[in-house]
$ cat start_6.txt   # compact mmCIF, C-alpha atoms
# COMPACT_ATOMS: atom_id res chain seq x y z
CA MET A 1 123.77 106.78 105.91
CA GLU A 2 125.98 104.52 103.81
CA LEU A 3 124.25 101.14 103.68
CA GLY A 4 126.99 99.26 101.86
CA LEU A 5 124.62 97.88 99.22
CA ALA A 6 126.47 98.96 96.09
CA ASN A 7 127.09 95.96 93.81
CA LYS A 8 125.27 93.55 96.11
CA VAL A 9 123.00 91.16 94.21
CA ALA A 10 119.41 91.10 95.40
CA LEU A 11 116.70 88.61 94.42
CA ILE A 12 113.17 89.86 95.04
CA ALA A 13 110.19 87.56 94.60
CA GLY A 14 107.00 89.21 93.45
CA GLY A 15 109.04 92.27 92.55
CA SER A 16 106.88 93.66 89.77
CA SER A 17 104.39 95.47 92.01
CA GLY A 18 103.41 96.31 95.56
CA LEU A 19 105.85 95.81 98.42
CA GLY A 20 108.22 93.75 96.30
CA LEU A 21 108.59 96.53 93.76
CA ALA A 22 109.02 99.11 96.52
CA VAL A 23 111.92 97.11 97.98
CA ALA A 24 113.45 96.72 94.51
CA GLU A 25 113.23 100.50 94.03
CA GLU A 26 114.97 101.17 97.31
CA LEU A 27 117.78 98.69 96.68
CA VAL A 28 118.45 99.77 93.10
CA LYS A 29 118.72 103.38 94.28
CA GLU A 30 121.38 102.19 96.73
CA GLY A 31 123.44 100.79 93.85
CA ALA A 32 122.52 97.14 94.20
CA HIS A 33 122.04 94.80 91.26
CA VAL A 34 118.39 93.79 91.41
CA ALA A 35 116.73 90.69 89.98
CA ILE A 36 112.95 90.46 90.22
CA ALA A 37 110.63 87.60 89.36
CA ALA A 38 106.88 87.53 88.81
CA ARG A 39 104.32 85.85 86.59
CA ASP A 40 102.80 88.79 84.72
CA ALA A 41 104.93 89.68 81.69
CA ASP A 42 103.43 93.15 81.19
CA ARG A 43 103.98 94.20 84.79
CA LEU A 44 107.50 92.82 84.66
CA SER A 45 108.26 94.88 81.57
CA ARG A 46 106.95 98.06 83.18
CA ALA A 47 108.83 97.34 86.39
CA GLU A 48 112.06 96.74 84.49
CA GLN A 49 111.85 100.08 82.71
CA HIS A 50 110.99 101.85 85.94
CA LEU A 51 113.85 100.26 87.90
CA ARG A 52 116.36 101.01 85.16
CA SER A 53 115.35 104.67 85.36
CA LEU A 54 116.19 104.66 89.09
CA SER A 55 119.41 102.69 88.90
CA ARG A 56 122.60 104.23 90.22
CA GLY A 57 125.00 101.85 88.53
CA GLY A 58 123.27 98.62 89.45
CA LYS A 59 121.99 96.16 86.87
CA VAL A 60 118.34 95.13 86.59
CA LEU A 61 117.29 91.63 85.59
CA THR A 62 113.68 90.49 85.26
CA SER A 63 112.44 86.92 84.86
CA ARG A 64 109.00 85.51 84.31
CA VAL A 65 108.80 82.78 86.91
CA ASP A 66 106.03 81.04 88.81
CA LEU A 67 107.74 80.58 92.14
CA ARG A 68 105.18 77.97 93.14
CA GLU A 69 107.06 75.67 90.77
CA HIS A 70 110.02 74.68 92.89
CA SER A 71 112.29 73.66 90.02
CA ALA A 72 111.60 76.98 88.25
CA SER A 73 112.47 78.88 91.43
CA ARG A 74 115.78 77.05 91.77
CA ALA A 75 116.53 77.66 88.08
CA TRP A 76 115.89 81.38 88.61
CA VAL A 77 118.44 81.53 91.42
CA GLU A 78 121.00 79.77 89.22
CA GLU A 79 120.24 82.11 86.31
CA VAL A 80 120.77 85.19 88.44
CA ALA A 81 123.97 83.79 89.96
CA GLY A 82 125.29 83.10 86.49
CA LYS A 83 124.49 86.56 85.13
CA LEU A 84 124.99 88.82 88.14
CA GLY A 85 126.80 86.74 90.75
CA GLY A 86 125.74 86.20 94.32
CA PRO A 87 123.01 86.36 95.42
CA HIS A 88 123.70 88.33 98.58
CA ILE A 89 120.17 89.45 99.46
CA VAL A 90 116.99 87.40 99.06
CA VAL A 91 113.54 88.85 99.68
CA THR A 92 110.66 86.38 99.70
CA ASN A 93 107.25 87.78 98.95
CA SER A 94 103.89 86.54 97.71
CA ALA A 95 100.26 87.52 97.51
CA GLY A 96 98.13 86.47 100.43
CA PRO A 97 95.53 83.69 100.37
CA PRO A 98 91.79 84.53 100.47
CA PRO A 99 90.47 86.13 103.66
CA GLY A 100 87.98 84.43 105.92
CA PRO A 101 87.60 82.82 109.36
CA ALA A 102 89.29 79.52 110.16
CA SER A 103 86.22 77.29 109.82
CA LYS A 104 85.24 78.72 106.44
CA PHE A 105 87.89 76.71 104.60
CA ASP A 106 88.35 73.01 104.01
CA ILE A 107 91.66 71.21 104.29
CA MET A 108 92.43 71.72 100.61
CA ALA A 109 92.32 75.49 101.09
CA TYR A 110 94.91 75.19 103.84
CA GLN A 111 97.03 72.98 101.59
CA GLU A 112 96.80 75.63 98.85
CA ALA A 113 97.87 78.36 101.28
CA VAL A 114 100.91 76.35 102.30
CA ASP A 115 101.77 75.59 98.67
CA THR A 116 101.46 79.19 97.48
CA VAL A 117 102.73 81.17 100.48
CA MET A 118 104.94 79.10 102.77
CA LEU A 119 106.76 76.57 100.57
CA PRO A 120 107.84 79.00 97.80
CA ALA A 121 109.50 81.21 100.43
CA ILE A 122 111.30 78.27 102.01
CA ASN A 123 112.39 76.90 98.64
CA LEU A 124 113.78 80.24 97.47
CA ALA A 125 115.77 80.61 100.68
CA LEU A 126 117.16 77.08 100.50
CA SER A 127 118.12 77.56 96.85
CA SER A 128 120.02 80.75 97.68
CA LEU A 129 121.78 79.71 100.87
CA PRO A 130 124.72 77.88 99.23
CA TYR A 131 125.77 81.12 97.51
CA MET A 132 125.47 83.12 100.73
CA LYS A 133 127.44 80.57 102.73
CA ALA A 134 130.16 80.48 100.09
CA GLY A 135 130.44 84.26 100.20
CA GLN A 136 130.21 84.42 104.02
CA TRP A 137 127.66 87.24 103.67
CA GLY A 138 123.93 87.25 103.17
CA ARG A 139 120.59 88.72 104.08
CA LEU A 140 117.40 86.68 104.09
CA LEU A 141 114.26 88.80 104.39
CA PHE A 142 110.88 87.11 104.57
CA ILE A 143 107.91 89.38 103.88
CA THR A 144 104.88 88.08 105.78
CA SER A 145 102.15 90.17 107.41
CA GLU A 146 101.08 91.47 110.80
CA THR A 147 99.11 88.22 111.24
CA VAL A 148 102.31 86.48 112.36
CA VAL A 149 102.41 88.75 115.42
CA ARG A 150 98.80 89.71 115.99
CA PRO A 151 96.24 87.04 115.06
CA VAL A 152 93.46 88.39 112.87
CA ALA A 153 90.48 86.05 112.79
CA ARG A 154 89.41 86.87 109.26
CA PHE A 155 92.89 86.14 107.87
CA ALA A 156 93.10 82.55 109.11
CA LEU A 157 94.79 81.12 106.01
CA SER A 158 97.37 83.90 105.91
CA GLY A 159 98.25 83.57 109.57
CA THR A 160 98.58 79.80 109.35
CA ALA A 161 100.82 79.73 106.28
CA ARG A 162 102.93 82.75 107.20
CA LEU A 163 103.58 81.52 110.74
CA GLY A 164 105.25 78.54 109.10
CA ILE A 165 107.67 80.96 107.45
CA VAL A 166 108.48 82.49 110.84
CA GLY A 167 109.20 79.03 112.24
CA PHE A 168 111.53 78.25 109.35
CA ALA A 169 113.31 81.61 109.64
CA SER A 170 113.81 81.12 113.37
CA ALA A 171 115.29 77.68 112.79
CA LEU A 172 117.88 79.15 110.41
CA VAL A 173 119.18 81.82 112.77
CA GLN A 174 121.53 79.74 114.92
CA GLU A 175 122.57 77.57 111.99
CA LEU A 176 123.73 80.60 110.01
CA GLY A 177 125.07 82.71 112.84
CA ASP A 178 128.74 82.13 112.01
CA CYS A 179 128.27 82.42 108.24
CA GLY A 180 127.69 86.16 108.07
CA VAL A 181 124.08 85.53 107.05
CA THR A 182 121.24 87.26 108.88
CA VAL A 183 117.61 86.17 108.84
CA ASN A 184 114.74 88.53 109.55
CA VAL A 185 111.00 88.61 109.03
CA LEU A 186 109.14 91.74 107.96
CA ALA A 187 105.54 91.94 109.10
CA PRO A 188 103.68 94.77 107.37
CA GLY A 189 100.31 96.05 108.44
CA TYR A 190 97.98 97.90 106.08
CA THR A 191 100.15 99.51 103.42
CA ARG A 192 98.89 101.36 100.36
CA THR A 193 99.49 98.75 97.68
CA PRO A 194 97.16 97.81 94.79
CA PRO A 195 95.61 94.84 96.69
CA VAL A 196 94.93 97.03 99.73
CA GLU A 197 93.40 99.72 97.53
CA ARG A 198 91.15 97.12 95.90
CA THR A 199 90.05 95.91 99.31
CA ALA A 200 89.45 99.48 100.49
CA GLY A 201 87.15 100.23 97.58
CA ALA A 202 85.41 96.87 97.43
CA ASN A 203 82.23 97.85 99.26
CA SER A 204 81.51 101.47 98.33
CA GLY A 205 83.91 102.08 95.48
CA ASP A 206 85.42 104.93 97.50
CA VAL A 207 89.06 103.91 98.00
CA GLU A 208 89.98 106.89 100.16
CA ALA A 209 87.06 106.31 102.52
CA GLY A 210 88.00 102.66 102.75
CA LEU A 211 91.59 103.53 103.57
CA ARG A 212 90.43 105.89 106.31
CA ALA A 213 88.35 103.08 107.79
CA MET A 214 91.36 100.77 107.73
CA ALA A 215 93.40 103.43 109.50
CA ALA A 216 90.91 103.80 112.35
CA HIS A 217 92.75 101.19 114.45
CA ILE A 218 96.23 102.51 113.61
CA PRO A 219 97.69 105.01 116.11
CA MET A 220 99.21 107.05 113.28
CA ARG A 221 95.74 107.33 111.73
CA ARG A 222 96.85 106.37 108.24
CA VAL A 223 97.94 103.31 106.32
CA GLY A 224 101.61 102.88 105.52
CA ARG A 225 103.40 103.97 102.37
CA PRO A 226 105.31 101.34 100.39
CA GLU A 227 108.49 103.39 100.54
CA GLU A 228 108.35 103.36 104.35
CA PHE A 229 108.25 99.59 104.34
CA ALA A 230 111.03 99.46 101.73
CA ALA A 231 113.27 101.67 103.85
CA ALA A 232 113.04 99.19 106.72
CA ALA A 233 113.82 96.33 104.36
CA ALA A 234 116.82 98.14 102.88
CA PHE A 235 118.28 98.76 106.32
CA LEU A 236 117.91 95.11 107.34
CA ALA A 237 119.55 94.14 104.03
CA SER A 238 122.46 96.47 104.64
CA GLU A 239 125.95 96.15 106.03
CA ARG A 240 124.84 98.39 108.92
CA ALA A 241 122.38 95.75 110.15
CA SER A 242 124.98 93.00 110.53
CA PHE A 243 124.07 92.27 114.18
CA ILE A 244 120.30 92.16 113.64
CA THR A 245 119.05 88.63 113.07
CA GLY A 246 116.16 86.50 114.26
CA THR A 247 113.72 89.39 114.50
CA VAL A 248 110.14 89.81 113.40
CA GLN A 249 109.95 93.46 112.43
CA LEU A 250 106.49 94.98 112.51
CA VAL A 251 105.89 97.82 110.07
CA ASP A 252 102.33 98.65 111.02
CA GLY A 253 102.18 102.19 112.43
CA GLY A 254 101.66 100.79 115.93
CA ALA A 255 98.48 98.85 115.12
CA SER A 256 99.67 95.77 117.01
CA VAL A 257 99.86 97.79 120.22
CA VAL A 258 96.18 98.66 120.25
CA GLY A 259 94.96 95.36 118.77
$ encode --input "start_6.txt" --output "structure tokens"
Amino acid sequence: MELGLANKVALIAGGSSGLGLAVAEELVKEGAHVAIAARDADRLSRAEQHLRSLSRGGKVLTSRVDLREHSASRAWVEEVAGKLGGPHIVVTNSAGPPPGPASKFDIMAYQEAVDTVMLPAINLALSSLPYMKAGQWGRLLFITSETVVRPVARFALSGTARLGIVGFASALVQELGDCGVTVNVLAPGYTRTPPVERTAGANSGDVEAGLRAMAAHIPMRRVGRPEEFAAAAAFLASERASFITGTVQLVDGGASVVG
């Protein structure tokens, strides 16, 4: 299927590992120019080399940015626009806050979750929108988690902060409807990324056993693969998905159905 992503400029937050890197891989293989930002210089360097090896004509740009610093995030968008053009596609992504039930945390923990998860995503979108509106084409993809659809008591901070992202995304849909800009939320369930592997092996040290335990409530009886998530993201970022906006797309192997 031709996705129409060649020469599109994609910004991917947290693109040096995990789901962010998987999306970057998928887009660069489709011929897009990919700019990733993260804080860890070593991981960025490895990701850059890896993405360049996959590129099919697209450029790769990496930047060391702490997206919690709003001015740095805006400067990153301007840097990418100056060097690559666009942006056409923006993928927000961040690590989740600590797990735990709602009453475990004080108000400062909730403030921290908002500051590190919700506001960086909103700021990156707002910084990119002028370019999308000017070009009359854009794709905003917000990576959240299954907690925005199916409350999980032990992920209270994540659910609270990420639901704010869903509210913001929903508010943008009608505003951007006649600008050629779509807005969608991706809600992954358990996917085999480094953080999930660490969680799986935390108790016994046996990662595979931990992953099997995680998969017990998933109808497909396994956790997801990053490339499966990335394929969904690439389609929503594509020309072919031009009439899909305002959705919250679960990528969870059916876990939300069984609860």
$ residues_around --input "start_6.txt" --residues "Gly138 (chain A)" --least-positions-apart "2" --cutoff "7 Å" --atoms "all atoms listed in the file" --output "list of chain:residue names"
A:His88, A:Ile89, A:Met132, A:Gln136, A:Leu140, A:Gly180, A:Val181, A:Thr182
$ residues_around --input "start_6.txt" --residues "Leu211 (chain A)" --least-positions-apart "3" --cutoff "9 Å" --atoms "all atoms listed in the file" --output "short mmCIF file (atom, residue, chain, number, x, y, z; two decimals) with C-alpha atoms, in the coordinates of the input"
data_model
loop_
_atom_site.label_atom_id
_atom_site.label_comp_id
_atom_site.auth_asym_id
_atom_site.auth_seq_id
_atom_site.Cartn_x
_atom_site.Cartn_y
_atom_site.Cartn_z
CA TYR A 190 97.98 97.90 106.08
CA ARG A 192 98.89 101.36 100.36
CA VAL A 196 94.93 97.03 99.73
CA GLU A 197 93.40 99.72 97.53
CA THR A 199 90.05 95.91 99.31
CA ALA A 200 89.45 99.48 100.49
CA GLY A 201 87.15 100.23 97.58
CA ASP A 206 85.42 104.93 97.50
CA VAL A 207 89.06 103.91 98.00
CA GLU A 208 89.98 106.89 100.16
CA MET A 214 91.36 100.77 107.73
CA ALA A 215 93.40 103.43 109.50
CA ALA A 216 90.91 103.80 112.35
CA ARG A 222 96.85 106.37 108.24
CA VAL A 223 97.94 103.31 106.32
#
$ atom_distance --input "start_6.txt" --atom1 "CA of Arg212 (chain A)" --atom2 "CA of Val258 (chain A)"
16.7 Å
$ atom_distance --input "start_6.txt" --atom1 "CA of Val23 (chain A)" --atom2 "CA of Gly85 (chain A)"
19.5 Å
$ closest_atom_pairs --input "start_6.txt" --of "region 134-171 of chain A" --to "region 226-238 of chain A" --cutoff "12 Å" --atoms "only C-alpha atoms" --output "CSV"
residue,atom,partner,partner_atom,distance
A:Trp137,CA,A:Ser238,CA,10.6
A:Gly138,CA,A:Ala237,CA,8.2
A:Arg139,CA,A:Ala237,CA,5.5
A:Leu140,CA,A:Ala237,CA,7.8
A:Leu141,CA,A:Ala237,CA,7.5
A:Phe142,CA,A:Ala233,CA,9.7
A:Ile143,CA,A:Ala233,CA,9.1
A:Ser145,CA,A:Phe229,CA,11.6
$ closest_residue --input "start_6.txt" --among "A:Glu239, A:Pro101, A:Gly82, A:Val91" --to "Gly20 (chain A)" --atoms "all atoms listed in the file"
A:Val91
